[in-house]
$ cat target_3.pdb   # PDB, C-alpha atoms
ATOM      1  CA  MET A   9      40.663   3.035-109.368
ATOM      2  CA  ARG A  10      39.883  -0.519-110.379
ATOM      3  CA  ALA A  11      36.682  -2.358-111.236
ATOM      4  CA  ALA A  12      36.243  -5.981-112.358
ATOM      5  CA  ALA A  13      32.644  -6.968-111.646
ATOM      6  CA  GLY A  14      33.452  -7.716-108.008
ATOM      7  CA  PHE A  15      36.106 -10.393-108.613
ATOM      8  CA  THR A  16      38.883  -9.956-105.992
ATOM      9  CA  GLY A  17      39.361  -7.029-103.655
ATOM     10  CA  ARG A  18      42.446  -5.683-105.404
ATOM     11  CA  ALA A  19      40.687  -5.509-108.767
ATOM     12  CA  ASN A  20      37.675  -3.721-107.259
ATOM     13  CA  SER A  21      39.152  -1.028-105.057
ATOM     14  CA  THR A  22      41.007   2.267-105.191
ATOM     15  CA  LEU A  23      44.689   2.097-104.341
ATOM     16  CA  THR A  24      45.499   4.959-101.971
ATOM     17  CA  CYS A  25      49.082   5.987-102.557
ATOM     18  CA  GLY A  26      50.592   9.399-103.045
ATOM     19  CA  ASP A  27      48.791  12.711-102.939
ATOM     20  CA  PRO A  28      45.221  12.595-104.321
ATOM     21  CA  GLY A  29      45.471  16.316-105.115
ATOM     22  CA  VAL A  30      42.307  17.117-103.161
ATOM     23  CA  PRO A  31      41.267  16.714 -99.509
ATOM     24  CA  VAL A  32      40.889  13.050 -98.566
ATOM     25  CA  PRO A  33      37.106  13.301 -97.961
ATOM     26  CA  ASP A  34      36.693  14.696-101.480
ATOM     27  CA  ALA A  35      38.848  11.896-102.902
ATOM     28  CA  LEU A  36      36.743   9.314-101.079
ATOM     29  CA  ALA A  37      33.592  10.862-102.521
ATOM     30  CA  VAL A  38      35.051  10.239-105.990
ATOM     31  CA  VAL A  39      35.791   6.645-104.957
ATOM     32  CA  LYS A  40      32.148   6.172-104.009
ATOM     33  CA  GLY A  41      30.994   7.663-107.296
ATOM     34  CA  PHE A  42      33.321   5.408-109.282
ATOM     35  CA  ALA A  43      32.074   2.352-107.397
ATOM     36  CA  SER A  44      28.442   3.275-107.986
ATOM     37  CA  GLU A  45      29.112   3.813-111.683
ATOM     38  CA  HIS A  46      30.664   0.353-111.985
ATOM     39  CA  GLY A  47      28.237  -1.518-109.729
ATOM     40  CA  ILE A  48      30.765  -2.508-107.065
ATOM     41  CA  LYS A  49      31.163  -1.837-103.348
ATOM     42  CA  PRO A  50      33.221   1.287-102.633
ATOM     43  CA  ALA A  51      36.548   0.258-101.119
ATOM     44  CA  ALA A  52      39.947   1.797-100.518
ATOM     45  CA  HIS A  53      43.081  -0.364-100.594
ATOM     46  CA  VAL A  54      45.180   1.117 -97.783
ATOM     47  CA  VAL A  55      48.708   0.161 -96.707
ATOM     48  CA  ASN A  56      48.900  -0.129 -92.921
ATOM     49  CA  GLY A  57      50.534   2.921 -91.406
ATOM     50  CA  SER A  58      50.448   4.891 -94.654
ATOM     51  CA  ALA A  59      50.155   8.654 -94.720
ATOM     52  CA  HIS A  60      46.407   8.851 -95.396
ATOM     53  CA  GLU A  61      45.172   6.011 -93.194
ATOM     54  CA  GLN A  62      44.120   8.266 -90.305
ATOM     55  CA  ALA A  63      42.475  10.759 -92.650
ATOM     56  CA  ILE A  64      40.423   7.926 -94.172
ATOM     57  CA  ALA A  65      39.343   6.866 -90.680
ATOM     58  CA  ASP A  66      38.500  10.475 -89.788
ATOM     59  CA  ALA A  67      36.266  10.611 -92.875
ATOM     60  CA  GLY A  68      34.062   7.933 -91.320
ATOM     61  CA  TRP A  69      35.398   4.904 -93.206
ATOM     62  CA  HIS A  70      36.285   1.686 -91.376
ATOM     63  CA  VAL A  71      38.205  -1.529 -91.996
ATOM     64  CA  ASP A  72      36.131  -4.065 -93.931
ATOM     65  CA  LEU A  73      36.034  -6.849 -91.356
ATOM     66  CA  ASP A  74      33.628  -8.811 -93.568
ATOM     67  CA  HIS A  75      35.983  -8.965 -96.540
ATOM     68  CA  PRO A  76      35.915 -12.563 -97.886
ATOM     69  CA  GLY A  77      39.700 -12.825 -97.898
ATOM     70  CA  GLY A  78      40.109 -11.507 -94.369
ATOM     71  CA  ALA A  79      40.473  -8.030 -92.947
ATOM     72  CA  GLU A  80      44.250  -7.801 -93.323
ATOM     73  CA  SER A  81      46.780  -9.205 -95.784
ATOM     74  CA  LEU A  82      50.544  -9.474 -95.936
ATOM     75  CA  VAL A  83      52.632  -8.700 -98.993
ATOM     76  CA  MET A  84      55.678 -10.972 -98.974
ATOM     77  CA  THR A  85      58.720 -10.870-101.237
ATOM     78  CA  GLY A  86      61.657 -13.182-101.845
ATOM     79  CA  LEU A  87      64.520 -13.993-104.205
ATOM     80  CA  LEU A  88      63.591 -16.573-106.834
ATOM     81  CA  GLU A  89      67.040 -18.141-106.887
ATOM     82  CA  LYS A  90      66.502 -19.373-103.330
ATOM     83  CA  PHE A  91      63.757 -21.830-104.260
ATOM     84  CA  ALA A  92      63.680 -22.181-108.057
ATOM     85  CA  GLU A  93      63.489 -25.785-109.266
ATOM     86  CA  GLY A  94      62.866 -26.649-112.881
ATOM     87  CA  GLU A  95      60.463 -24.617-114.961
ATOM     88  CA  ALA A  96      56.685 -24.560-115.045
ATOM     89  CA  GLY A  97      54.831 -24.842-118.303
ATOM     90  CA  SER A  98      52.021 -22.504-119.295
ATOM     91  CA  HIS A  99      48.854 -24.568-119.170
ATOM     92  CA  ASP A 100      45.530 -22.790-119.629
ATOM     93  CA  LEU A 101      43.531 -25.922-118.789
ATOM     94  CA  PRO A 102      39.839 -26.141-117.810
ATOM     95  CA  GLY A 103      40.947 -27.861-114.614
ATOM     96  CA  TRP A 104      43.176 -24.914-113.748
ATOM     97  CA  TRP A 105      40.263 -22.505-113.860
ATOM     98  CA  GLU A 106      37.927 -24.841-111.995
ATOM     99  CA  LEU A 107      40.380 -25.207-109.087
ATOM    100  CA  THR A 108      41.437 -21.562-108.805
ATOM    101  CA  ALA A 109      38.322 -19.664-109.857
ATOM    102  CA  GLY A 110      35.339 -22.027-109.581
ATOM    103  CA  SER A 111      33.193 -24.171-111.849
ATOM    104  CA  GLU A 112      31.703 -21.200-113.716
ATOM    105  CA  VAL A 113      34.364 -18.756-114.875
ATOM    106  CA  SER A 114      33.166 -15.240-115.626
ATOM    107  CA  ALA A 115      34.537 -12.799-118.165
ATOM    108  CA  ALA A 116      35.835 -10.676-115.294
ATOM    109  CA  GLN A 117      37.772 -13.620-113.867
ATOM    110  CA  ARG A 118      39.344 -14.368-117.216
ATOM    111  CA  HIS A 119      40.261 -10.708-117.634
ATOM    112  CA  VAL A 120      41.808 -10.335-114.179
ATOM    113  CA  LEU A 121      43.722 -13.613-114.255
ATOM    114  CA  GLY A 122      44.450 -13.842-117.959
ATOM    115  CA  SER A 123      45.540 -10.297-118.767
ATOM    116  CA  GLY A 124      49.188  -9.486-119.230
ATOM    117  CA  GLU A 125      51.898 -10.166-121.760
ATOM    118  CA  ASN A 126      53.903 -12.644-119.689
ATOM    119  CA  VAL A 127      51.549 -14.902-117.727
ATOM    120  CA  CYS A 128      51.986 -18.523-116.671
ATOM    121  CA  PHE A 129      49.204 -20.913-115.613
ATOM    122  CA  ALA A 130      51.026 -23.784-113.917
ATOM    123  CA  SER A 131      49.439 -26.941-112.566
ATOM    124  CA  ILE A 132      49.991 -30.491-111.364
ATOM    125  CA  SER A 133      47.605 -33.198-112.547
ATOM    126  CA  GLU A 134      46.826 -36.675-111.311
ATOM    127  CA  ASN A 135      44.789 -39.121-113.372
ATOM    128  CA  GLY A 136      43.633 -36.293-115.626
ATOM    129  CA  THR A 137      42.521 -34.028-112.766
ATOM    130  CA  VAL A 138      44.291 -30.799-111.833
ATOM    131  CA  VAL A 139      45.126 -31.174-108.139
ATOM    132  CA  ALA A 140      47.311 -28.094-107.655
ATOM    133  CA  ALA A 141      47.577 -24.822-109.547
ATOM    134  CA  VAL A 142      49.154 -21.375-109.430
ATOM    135  CA  ARG A 143      49.336 -18.250-111.577
ATOM    136  CA  GLY A 144      52.436 -16.179-112.228
ATOM    137  CA  ALA A 145      52.938 -12.934-114.123
ATOM    138  CA  VAL A 146      56.264 -11.251-114.789
ATOM    139  CA  VAL A 147      56.458  -7.457-114.962
ATOM    140  CA  GLU A 148      59.991  -6.168-115.460
ATOM    141  CA  ASP A 149      62.069  -8.073-112.863
ATOM    142  CA  LEU A 150      59.185  -9.004-110.552
ATOM    143  CA  LEU A 151      57.228 -12.262-110.560
ATOM    144  CA  HIS A 152      53.715 -11.750-109.183
ATOM    145  CA  VAL A 153      52.373 -14.987-107.662
ATOM    146  CA  ALA A 154      48.636 -15.538-107.188
ATOM    147  CA  ARG A 155      45.863 -18.139-106.910
ATOM    148  CA  LEU A 156      47.989 -20.901-105.410
ATOM    149  CA  ALA A 157      45.536 -23.718-104.692
ATOM    150  CA  VAL A 158      45.758 -27.406-103.763
ATOM    151  CA  ARG A 159      42.781 -29.712-103.503
ATOM    152  CA  PRO A 160      42.073 -30.695 -99.871
ATOM    153  CA  SER A 161      42.622 -34.357-100.736
ATOM    154  CA  HIS A 162      46.169 -33.613-101.905
ATOM    155  CA  ARG A 163      47.430 -31.221 -99.258
ATOM    156  CA  ARG A 164      50.478 -31.902 -97.083
ATOM    157  CA  LYS A 165      52.197 -33.697 -99.957
ATOM    158  CA  GLY A 166      54.566 -30.920-100.966
ATOM    159  CA  LEU A 167      52.645 -29.952-104.111
ATOM    160  CA  ALA A 168      52.472 -26.252-103.252
ATOM    161  CA  ARG A 169      56.225 -26.162-102.649
ATOM    162  CA  GLN A 170      56.827 -28.002-105.938
ATOM    163  CA  LEU A 171      54.646 -25.570-107.877
ATOM    164  CA  MET A 172      56.327 -22.548-106.311
ATOM    165  CA  GLY A 173      59.726 -23.956-107.267
ATOM    166  CA  GLU A 174      58.660 -24.568-110.855
ATOM    167  CA  LEU A 175      57.050 -21.145-111.135
ATOM    168  CA  ALA A 176      60.204 -19.515-109.749
ATOM    169  CA  GLY A 177      62.233 -21.336-112.403
ATOM    170  CA  TRP A 178      59.911 -20.034-115.098
ATOM    171  CA  GLY A 179      60.139 -16.523-113.652
ATOM    172  CA  LEU A 180      63.949 -16.560-113.714
ATOM    173  CA  ARG A 181      63.892 -17.503-117.375
ATOM    174  CA  GLN A 182      61.599 -14.550-118.067
ATOM    175  CA  GLY A 183      64.056 -12.137-116.470
ATOM    176  CA  ALA A 184      62.532 -11.896-112.989
ATOM    177  CA  THR A 185      64.707 -11.951-109.881
ATOM    178  CA  THR A 186      62.169 -11.419-107.098
ATOM    179  CA  CYS A 187      58.669 -12.652-106.330
ATOM    180  CA  ALA A 188      55.826 -10.803-104.667
ATOM    181  CA  LEU A 189      52.692 -12.429-103.291
ATOM    182  CA  GLN A 190      49.786 -11.532-101.077
ATOM    183  CA  VAL A 191      48.381 -13.718 -98.334
ATOM    184  CA  ALA A 192      45.710 -13.240 -95.666
ATOM    185  CA  GLU A 193      47.110 -12.877 -92.151
ATOM    186  CA  HIS A 194      45.045 -15.829 -90.914
ATOM    187  CA  ASN A 195      46.436 -18.205 -93.551
ATOM    188  CA  GLU A 196      49.212 -19.506 -91.332
ATOM    189  CA  PRO A 197      50.088 -22.606 -93.427
ATOM    190  CA  ALA A 198      50.672 -20.439 -96.518
ATOM    191  CA  ILE A 199      52.710 -17.883 -94.578
ATOM    192  CA  ARG A 200      54.815 -20.687 -93.135
ATOM    193  CA  LEU A 201      55.417 -22.142 -96.615
ATOM    194  CA  TYR A 202      56.448 -18.800 -98.101
ATOM    195  CA  SER A 203      58.714 -18.107 -95.120
ATOM    196  CA  GLU A 204      60.425 -21.472 -95.594
ATOM    197  CA  LEU A 205      61.036 -20.491 -99.225
ATOM    198  CA  GLY A 206      62.857 -17.380 -98.044
ATOM    199  CA  CYS A 207      60.075 -14.823 -98.447
ATOM    200  CA  THR A 208      59.691 -12.089 -95.851
ATOM    201  CA  GLU A 209      56.937  -9.607 -95.048
ATOM    202  CA  HIS A 210      57.256  -6.336 -96.966
ATOM    203  CA  HIS A 211      54.114  -4.608 -95.704
ATOM    204  CA  ARG A 212      50.461  -5.175 -94.816
ATOM    205  CA  TYR A 213      47.287  -3.665 -96.169
ATOM    206  CA  ARG A 214      43.572  -3.554 -95.417
ATOM    207  CA  TYR A 215      40.421  -2.586 -97.280
ATOM    208  CA  TRP A 216      38.462   0.356 -95.900
ATOM    209  CA  VAL A 217      34.796   0.946 -96.680
ATOM    210  CA  PRO A 218      32.390   3.803 -95.882
ATOM    211  CA  ALA A 219      30.010   3.599 -92.977
ATOM    212  CA  VAL A 220      26.507   2.472 -93.880
ATOM    213  CA  SER A 221      24.285   5.545 -93.946
TER     214      SER A 221
END
$ encode --input "target_3.pdb" --output "structure tokens"
Amino acid sequence: MRAAAGFTGRANSTLTCGDPGVPVPDALAVVKGFASEHGIKPAAHVVNGSAHEQAIADAGWHVDLDHPGGAESLVMTGLLEKFAEGEAGSHDLPGWWELTAGSEVSAAQRHVLGSGENVCFASISENGTVVAAVRGAVVEDLLHVARLAVRPSHRRKGLARQLMGELAGWGLRQGATTCALQVAEHNEPAIRLYSELGCTEHHRYRYWVPAVS
């Protein structure tokens, strides 16, 4: 169970994997209680086709079609050596936060994005302005990629590909061999980019929420 003041779906939902140890409706009741206690919307992070998906539906929950990031997301993975180029620096710049998180950065945002022992904030600047940014975090041999963003005025110039290559280089030097990233199913340009870098779909997931009573 995860709560972070509503910032991102993953950080404010209950991951449903394995046996909850109680009937699914009882487990979902605990999810609702946890959400109420932390002031967030109750949500279950469910892998498509997983063992408990039907039981969650039978309990009266439904896919959150209004989720800001889209109803369904892909998890893609790939080998870093296929697209690593150079090495990104770790730049915790104000412009990085403004581009990836907004003009006013909350404590929850800094906690979610800044936590971890091996985190990289990479960016590309032009005339003192951050025009592209990405976050990477290495856990064991896996590089988690998140918050890839390019300003609209600088898209279609290869900046996202450049950043991914630099981040992959950094990840290799930290001992990672594989990357994992999550992308909304409707974000076709991003999916195309990651596919061109050699990443493939590992699985999909959706957020489920209780029916409004």
$ residues_near_point --input "target_3.pdb" --point "(42.7, -1.7, -106.8)" --cutoff "12 Å" --atoms "only C-alpha atoms" --output "NGL selection string"
:A and (9-12 or 14-25 or 39 or 43 or 48 or 50-55 or 120 or 213-216)
$ write_last_selection --input "target_3.pdb" --atoms "C-alpha atoms" --output "PDB file, keeping the file's coordinate frame"
ATOM      1  CA  MET A   9      40.663   3.035-109.368  1.00  0.00           C
ATOM      2  CA  ARG A  10      39.883  -0.519-110.379  1.00  0.00           C
ATOM      3  CA  ALA A  11      36.682  -2.358-111.236  1.00  0.00           C
ATOM      4  CA  ALA A  12      36.243  -5.981-112.358  1.00  0.00           C
ATOM      5  CA  GLY A  14      33.452  -7.716-108.008  1.00  0.00           C
ATOM      6  CA  PHE A  15      36.106 -10.393-108.613  1.00  0.00           C
ATOM      7  CA  THR A  16      38.883  -9.956-105.992  1.00  0.00           C
ATOM      8  CA  GLY A  17      39.361  -7.029-103.655  1.00  0.00           C
ATOM      9  CA  ARG A  18      42.446  -5.683-105.404  1.00  0.00           C
ATOM     10  CA  ALA A  19      40.687  -5.509-108.767  1.00  0.00           C
ATOM     11  CA  ASN A  20      37.675  -3.721-107.259  1.00  0.00           C
ATOM     12  CA  SER A  21      39.152  -1.028-105.057  1.00  0.00           C
ATOM     13  CA  THR A  22      41.007   2.267-105.191  1.00  0.00           C
ATOM     14  CA  LEU A  23      44.689   2.097-104.341  1.00  0.00           C
ATOM     15  CA  THR A  24      45.499   4.959-101.971  1.00  0.00           C
ATOM     16  CA  CYS A  25      49.082   5.987-102.557  1.00  0.00           C
ATOM     17  CA  VAL A  39      35.791   6.645-104.957  1.00  0.00           C
ATOM     18  CA  ALA A  43      32.074   2.352-107.397  1.00  0.00           C
ATOM     19  CA  ILE A  48      30.765  -2.508-107.065  1.00  0.00           C
ATOM     20  CA  PRO A  50      33.221   1.287-102.633  1.00  0.00           C
ATOM     21  CA  ALA A  51      36.548   0.258-101.119  1.00  0.00           C
ATOM     22  CA  ALA A  52      39.947   1.797-100.518  1.00  0.00           C
ATOM     23  CA  HIS A  53      43.081  -0.364-100.594  1.00  0.00           C
ATOM     24  CA  VAL A  54      45.180   1.117 -97.783  1.00  0.00           C
ATOM     25  CA  VAL A  55      48.708   0.161 -96.707  1.00  0.00           C
ATOM     26  CA  VAL A 120      41.808 -10.335-114.179  1.00  0.00           C
ATOM     27  CA  TYR A 213      47.287  -3.665 -96.169  1.00  0.00           C
ATOM     28  CA  ARG A 214      43.572  -3.554 -95.417  1.00  0.00           C
ATOM     29  CA  TYR A 215      40.421  -2.586 -97.280  1.00  0.00           C
ATOM     30  CA  TRP A 216      38.462   0.356 -95.900  1.00  0.00           C
TER      31      TRP A 216
END
$ resolve_selection --input "target_3.pdb" --expression "the PyMOL selection byres ((chain A and resi 141-150) around 8)" --output "short mmCIF file (atom, residue, chain, number, x, y, z; two decimals) with C-alpha atoms, in the frame of the given file"
data_model
loop_
_atom_site.label_atom_id
_atom_site.label_comp_id
_atom_site.auth_asym_id
_atom_site.auth_seq_id
_atom_site.Cartn_x
_atom_site.Cartn_y
_atom_site.Cartn_z
CA TRP A 104 43.18 -24.91 -113.75
CA LEU A 107 40.38 -25.21 -109.09
CA THR A 108 41.44 -21.56 -108.80
CA LEU A 121 43.72 -13.61 -114.26
CA GLY A 124 49.19 -9.49 -119.23
CA ASN A 126 53.90 -12.64 -119.69
CA VAL A 127 51.55 -14.90 -117.73
CA CYS A 128 51.99 -18.52 -116.67
CA PHE A 129 49.20 -20.91 -115.61
CA ALA A 130 51.03 -23.78 -113.92
CA SER A 131 49.44 -26.94 -112.57
CA ILE A 132 49.99 -30.49 -111.36
CA VAL A 138 44.29 -30.80 -111.83
CA VAL A 139 45.13 -31.17 -108.14
CA ALA A 140 47.31 -28.09 -107.66
CA LEU A 151 57.23 -12.26 -110.56
CA HIS A 152 53.72 -11.75 -109.18
CA VAL A 153 52.37 -14.99 -107.66
CA ALA A 154 48.64 -15.54 -107.19
CA ARG A 155 45.86 -18.14 -106.91
CA LEU A 156 47.99 -20.90 -105.41
CA ALA A 157 45.54 -23.72 -104.69
CA VAL A 158 45.76 -27.41 -103.76
CA LEU A 171 54.65 -25.57 -107.88
CA MET A 172 56.33 -22.55 -106.31
CA LEU A 175 57.05 -21.14 -111.14
CA GLY A 179 60.14 -16.52 -113.65
CA GLN A 182 61.60 -14.55 -118.07
CA GLY A 183 64.06 -12.14 -116.47
CA ALA A 184 62.53 -11.90 -112.99
CA THR A 185 64.71 -11.95 -109.88
CA THR A 186 62.17 -11.42 -107.10
CA CYS A 187 58.67 -12.65 -106.33
CA ALA A 188 55.83 -10.80 -104.67
#
$ atom_distance --input "target_3.pdb" --atom1 "CA of Trp69 (chain A)" --atom2 "CA of Val217 (chain A)"
5.3 Å
$ resolve_selection --input "target_3.pdb" --expression "the PyMOL selection byres ((chain A and resi 211) around 12)" --output "PyMOL selection string"
chain A and resi 54-58+80-85+188-191+193+208-210+212-214
$ closest_residue --input "target_3.pdb" --among "A:Ala92, A:Ala115, A:Val32, A:Val38" --to "Ala63 (chain A)" --atoms "all atoms listed in the file"
A:Val32
$ axis_aligned_box --input "target_3.pdb" --around "region 80-92 of chain A" --padding-each-side "3 Å" --output "JSON"
{"center_x": 55.6, "center_y": -15.0, "center_z": -100.7, "size_x": 28.8, "size_y": 20.4, "size_z": 20.7}
$ closest_residue --input "target_3.pdb" --among "A:Gly177, A:Gly122, A:Ser203, A:Ala96" --to "Ala109 (chain A)" --atoms "only C-alpha atoms"
A:Gly122
$ atom_distance --input "target_3.pdb" --atom1 "CA of Gly94 (chain A)" --atom2 "CA of Gly173 (chain A)"
7.0 Å
$ atom_distance --input "target_3.pdb" --atom1 "CA of Leu73 (chain A)" --atom2 "CA of Leu201 (chain A)"
25.2 Å
$ closest_residue --input "target_3.pdb" --among "A:Asn195, A:Ser44, A:Ser111, A:Ser161" --to "Ala13 (chain A)" --atoms "only C-alpha atoms"
A:Ser44
$ closest_residue --input "target_3.pdb" --among "A:Arg200, A:Lys90, A:Arg163, A:His70" --to "Leu180 (chain A)" --atoms "only C-alpha atoms"
A:Lys90
$ closest_residue --input "target_3.pdb" --among "A:Gly26, A:Leu205, A:Val220, A:Ala192" --to "Gly78 (chain A)" --atoms "only C-alpha atoms"
A:Ala192
$ decode --input "target_3.pdb" --residues "region 132-149 of chain A" --atoms "N, CA and C atoms" --output "CSV table (one decimal), in the first residue's frame"
chain,number,residue,atom,x,y,z
A,132,ILE,N,18.9,18.3,-20.6
A,132,ILE,CA,19.6,19.0,-21.6
A,132,ILE,C,19.1,20.5,-21.6
A,133,SER,N,20.1,21.4,-21.6
A,133,SER,CA,19.7,22.8,-21.5
A,133,SER,C,20.1,23.6,-22.8
A,134,GLU,N,19.3,24.6,-23.0
A,134,GLU,CA,19.6,25.5,-24.1
A,134,GLU,C,19.4,26.9,-23.7
A,135,ASN,N,20.5,27.7,-23.8
A,135,ASN,CA,20.4,29.1,-23.3
A,135,ASN,C,20.0,29.3,-21.9
A,136,GLY,N,20.4,28.3,-21.0
A,136,GLY,CA,20.1,28.4,-19.6
A,136,GLY,C,18.7,27.8,-19.2
A,137,THR,N,18.0,27.3,-20.2
A,137,THR,CA,16.7,26.7,-19.9
A,137,THR,C,16.7,25.2,-20.2
A,138,VAL,N,16.2,24.4,-19.2
A,138,VAL,CA,16.1,23.0,-19.4
A,138,VAL,C,15.1,22.7,-20.4
A,139,VAL,N,15.4,22.0,-21.5
A,139,VAL,CA,14.5,21.7,-22.6
A,139,VAL,C,14.1,20.3,-22.6
A,140,ALA,N,14.9,19.4,-22.0
A,140,ALA,CA,14.6,18.0,-21.9
A,140,ALA,C,15.1,17.4,-20.6
A,141,ALA,N,14.4,16.5,-20.0
A,141,ALA,CA,14.8,15.9,-18.7
A,141,ALA,C,14.3,14.5,-18.6
A,142,VAL,N,15.0,13.8,-17.7
A,142,VAL,CA,14.5,12.4,-17.4
A,142,VAL,C,15.1,12.0,-16.0
A,143,ARG,N,14.4,11.1,-15.4
A,143,ARG,CA,14.9,10.6,-14.1
A,143,ARG,C,15.2,9.1,-14.2
A,144,GLY,N,16.3,8.7,-13.6
A,144,GLY,CA,16.7,7.3,-13.6
A,144,GLY,C,17.0,6.9,-12.1
A,145,ALA,N,16.7,5.6,-11.8
A,145,ALA,CA,17.1,5.1,-10.5
A,145,ALA,C,17.5,3.7,-10.7
A,146,VAL,N,18.7,3.3,-10.1
A,146,VAL,CA,19.2,2.0,-10.3
A,146,VAL,C,18.9,1.2,-9.0
A,147,VAL,N,18.3,0.0,-9.1
A,147,VAL,CA,18.1,-0.9,-8.0
A,147,VAL,C,18.6,-2.2,-8.4
A,148,GLU,N,19.6,-2.7,-7.8
A,148,GLU,CA,20.3,-3.9,-8.2
A,148,GLU,C,20.8,-3.8,-9.6
A,149,ASP,N,20.3,-4.6,-10.6
A,149,ASP,CA,20.7,-4.5,-11.9
A,149,ASP,C,19.7,-3.9,-12.9
